[in-house]
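Working notes for the structure below.
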Amino acid sequence: MTEPPVPIPSWAGLAWAAIPVVLLAAVLRSRRLGQARPLLVGSARMAGQLLLLGMVLKAAFAVDHPWVVGAAGLVMLSASAQAVGARQSRPSWSLRLEAAAAMTVGAGLAVVVSTRLALGVAPWYDPPVVIPLLGMILGNSVNGVALAAERLESELRSGADLIERRLSLGASARQAALPALRAAVAAGLTPTINGMMVAGIVSIPGMMTGQLLAGAEPTAAFRYQILIYLAISGSVGLAILVLLSLRTRRAFTPDHQLRRPRLPPDGGLQ
Amino acid sequence: MTIPYPAADRISPVTRPLLSPSRLPWPRGLPLRLEGVRLSRGATTILNGVDLDIPADRRLLLLGPSGAGKSTLLRLLNRLDDPDSGRILLGDLPLPSLPVRLLRRAIAVVPQDPLPLPGSIRDNLLAPSEFAGLKPPPDAELALALDEFGLNPSWLDRDASALSGGERRRLAIAVSLQTSPEILALDEPTAALDPASSRRLVEAIDRRVRADALRTIVVTHDRRLAPILGDVAVVLDAGRVVDLGPTLDVLRRADPLAWGSDAPLDGQEPLP
């Protein structure tokens with residue numbers, strides 16, 4: 001480890017850094033604009049969670065064993081599936097399970113490609129590389145997968161009449177659901193694509209900023225950032241495709257019938 | 001007895017993809033039979049044991065008050081839904097034993113207020129051949145299809161969502177006929193149409209019935225047009241068949257008040 005060219009923030013330094021947020025909360029409260037409490041709770045949670053993450057990662061890096069990476073992956077994956085479920089208006093266990101499966105495929109492929117082919121990490125499970133990479137990929141996957149799943153459900157509900165009209169004209173389930181699937185793919189993938197569109201122009205990505213602050217060469221930092229973007233967009237897209245295919249299969253019977261959502265006990269429709 | 005699927009006489013065999021559903025033969029001319037058909041949604045029973053024989057050479061009317069289960073019955077015919085119990089047979093073939101996409105091309109069901117598919121009127125008319133992987137029919141044929149139902153044949157490029165309610169219904173029927181179905185099921189085709197438009201629509205359907213041996217099953221509340229729309233009538237009430245017979249006889253027996261708000265209440269004689 002070389003000595004970083006900039007000082008690492010001390011605890012007192014972090015306290016200073018909190019001043020704008022505390023001021024903002026005070027203003028929000030005095031003007032009765034709301035959000036003061038969530039802002040403070042969010043800030044506190046963020047600090048606590050990252051502190052914990054730092055300690056866990058330090059311990060994990062020290063153990064340096066494939067099982068540690070596997071366990072960390074499992075924990076992150078189940079937290080991600082839970083987060084996807086929490087963002088749906090009608091969460092279900094099937095959705096969480098299918099989201100976990102979809103993100104396993106997407107993130108798994110992206111991590112293997114980045115570590116084995118792009119970086120050639122040794123050993124293959126090297127915790128300081130694999131765990132942060134997996135974390136970044138899953139964090140972005142949660143967003144894309146949750147948006148796509150929510151959009152698909154709402155399109156299938158609001159577009160049920162048109163979907164059944166297409167089925168009545170001889171369409172397959174996939175043909176009938178294609179417009180809904182296109183909308184869901186767009187909803188899930190747009191944030192990732194937009195992020196790449198403005199990368200380096202409007203914003204310096206967070207990971208690259210962190211590397212530069214930690215003293216990395218800008219040329220090395222941008223290569224890492226490209227790797228991250230490619231891994232993220234590939235894994236998000238793949239996870240969305242897997243999830244949408246699983247959800248579509250669930251939305252139709254094998255005989256190309258649209259399953260109507262279960263009605264409340266009092267009936268509802270005629 | 002099986003006769004090749006009717007699309008064969010419109011589209012040359014060479015252009016039909018090998019595995020397209022339209023290559024399979026559809027068993028024409030078989031009676032439809034419903035045996036003890038029941039369907040519930042949640043705690044509501046919609047069809048409560050319907051037994052019905054629909055001969056192949058009759059045009060059937062489905063009558064009855066709103067909520068009697070008429071629309072649901074049509075959904076069972078093209079298998080958008082399946083009954084909870086009981087079965088529907090074509091001849092002696094249960095509907096689930098037929099390829100479902102072929103079934104839906106052969107038994108065309110037009111819902112009561114059909115939304116046009118997004119896009120132009122041409123897109124709508126081409127949708128059935130696109131779904132089946134068939135060669136799209138030429139514009140001239142599409143224009144004829146529009147003209148047949150009183151829609152301007154030069155409207156192919158118009159946005160279908162700009163059509164009025166009555167025009168949408170006529171377009172939906174024209175689109176459904178693009179699959180050359182054997183049976184056409186219509187849900188209240190003349191509801192909220194002015195008398196002249198109703199008459200034109202009914203006459204267009206009637207021409208098809210005569211020219212293509214099209215069989216029809218029509219849900220209606222329209223007492224005046226009923227005798228032209230079907231020669232046999234079935235009255236459904238609360239999910240059961242409560243009357244059945246020649247249309248004029250059924251209309252005479254029926255209580256006009258039981259037909260919901262669309263029915264004329266003055267008890268006028270139906271047109272011959």
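A note on labels: chains of the structure tokens are A, B, ... as shown, every chain counts residues from 1, and ligands are counted from 1 in their shown order.
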
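For chain B, the residues within 8 Å of chain A are B:Arg41, B:Gly42, B:Ala43, B:Thr44, B:Ile46, B:Gly67, B:Gly69, B:Asn78, B:Arg79, B:Leu80, B:Asp81, B:Val100, B:Arg101, B:Leu102, B:Arg104, B:Arg105, B:Ala108, B:Val109, B:Pro114, B:Leu115, B:Pro116, B:Leu117, B:Ala127, B:Pro128, B:Phe131, B:Ala132, B:Ser176, B:Thr179, with only C-alpha atoms used to measure distance.
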
Residue set, region 28-257 of chain A restricted to helix (DSSP H, G or I), as a PyMOL selection string: chain A and resi 28-30+36-63+66-86+93-119+127-158+160-168+173-198+206-213+218-251

Those in region 68-219 of chain B with strand (DSSP E or B) from DSSP, as an MDAnalysis selection string: chainID B and resid 85:90 93:94 107:110 120 159 183:187 215:219

Nearest to Arg87 (chain B), chosen from B:Asp237, B:Glu35, B:Asp222, B:Asp212, with only C-alpha atoms counted in the distances: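 Going through B:Asp237, B:Glu35, B:Asp222, B:Asp212 one by one, the smallest distance to Arg87 (chain B) is for B:Glu35.
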
Atomic distance CA of Val22 (chain A) - CA of Gly139 (chain A), expressed in Å with one decimal: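 Distance reported for this atom pair: 26.9 Å.
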
Minimum-distance residue to Val69 (chain A), chosen among A:Gly42, A:Gly144, A:Pro127, A:Gly234 (using only C-alpha atoms):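 Among the listed residues, A:Pro127 lies closest to Val69 (chain A).
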
Exercise: Leu193 (chain B) partners within 12 Å, only C-alpha atoms, chain neighbours under 2 positions left out, as an MDAnalysis selection string: chainID B and resid 113 164:170 188:191 195:202 222 225 262

Keeping only C-alpha atoms, take the residues you just selected and write them out as a PDB file, in the first residue's frame.
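part18.pdb was written with the following content:
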ATOM      1  CA  ASP B 113     -66.505  -2.197 -26.508  1.00  0.00           C
ATOM      2  CA  SER B 164     -65.892   6.927 -32.886  1.00  0.00           C
ATOM      3  CA  GLY B 165     -67.403   4.190 -30.742  1.00  0.00           C
ATOM      4  CA  GLY B 166     -69.565   2.802 -33.527  1.00  0.00           C
ATOM      5  CA  GLU B 167     -66.707   2.906 -36.043  1.00  0.00           C
ATOM      6  CA  ARG B 168     -64.439   1.084 -33.602  1.00  0.00           C
ATOM      7  CA  ARG B 169     -66.963  -1.684 -33.283  1.00  0.00           C
ATOM      8  CA  ARG B 170     -67.288  -2.059 -37.043  1.00  0.00           C
ATOM      9  CA  GLU B 188     -73.961  -6.388 -28.312  1.00  0.00           C
ATOM     10  CA  PRO B 189     -72.802  -5.222 -31.750  1.00  0.00           C
ATOM     11  CA  THR B 190     -75.571  -2.624 -32.070  1.00  0.00           C
ATOM     12  CA  ALA B 191     -75.547  -1.157 -28.549  1.00  0.00           C
ATOM     13  CA  PRO B 195     -80.874   2.824 -36.065  1.00  0.00           C
ATOM     14  CA  ALA B 196     -79.413   3.397 -39.539  1.00  0.00           C
ATOM     15  CA  SER B 197     -75.903   2.299 -38.467  1.00  0.00           C
ATOM     16  CA  SER B 198     -77.339  -0.702 -36.650  1.00  0.00           C
ATOM     17  CA  ARG B 199     -79.230  -1.707 -39.742  1.00  0.00           C
ATOM     18  CA  ARG B 200     -76.131  -1.371 -41.964  1.00  0.00           C
ATOM     19  CA  LEU B 201     -74.034  -3.437 -39.552  1.00  0.00           C
ATOM     20  CA  VAL B 202     -76.646  -6.148 -39.300  1.00  0.00           C
ATOM     21  CA  ASP B 222     -82.129  -5.118 -29.380  1.00  0.00           C
ATOM     22  CA  LEU B 225     -82.959  -6.422 -34.796  1.00  0.00           C
ATOM     23  CA  ASP B 262     -81.322  -1.186 -23.380  1.00  0.00           C
TER      24      ASP B 262
END

Counting only C-alpha atoms, the option among A:Leu133, A:Val236, A:Leu52, A:Ala26 closest to Gly73 (chain A): A:Leu133

Å distance separating CA of Ala172 (chain B) from CA of Val37 (chain B), one decimal place: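 Distance reported for this atom pair: 27.8 Å.
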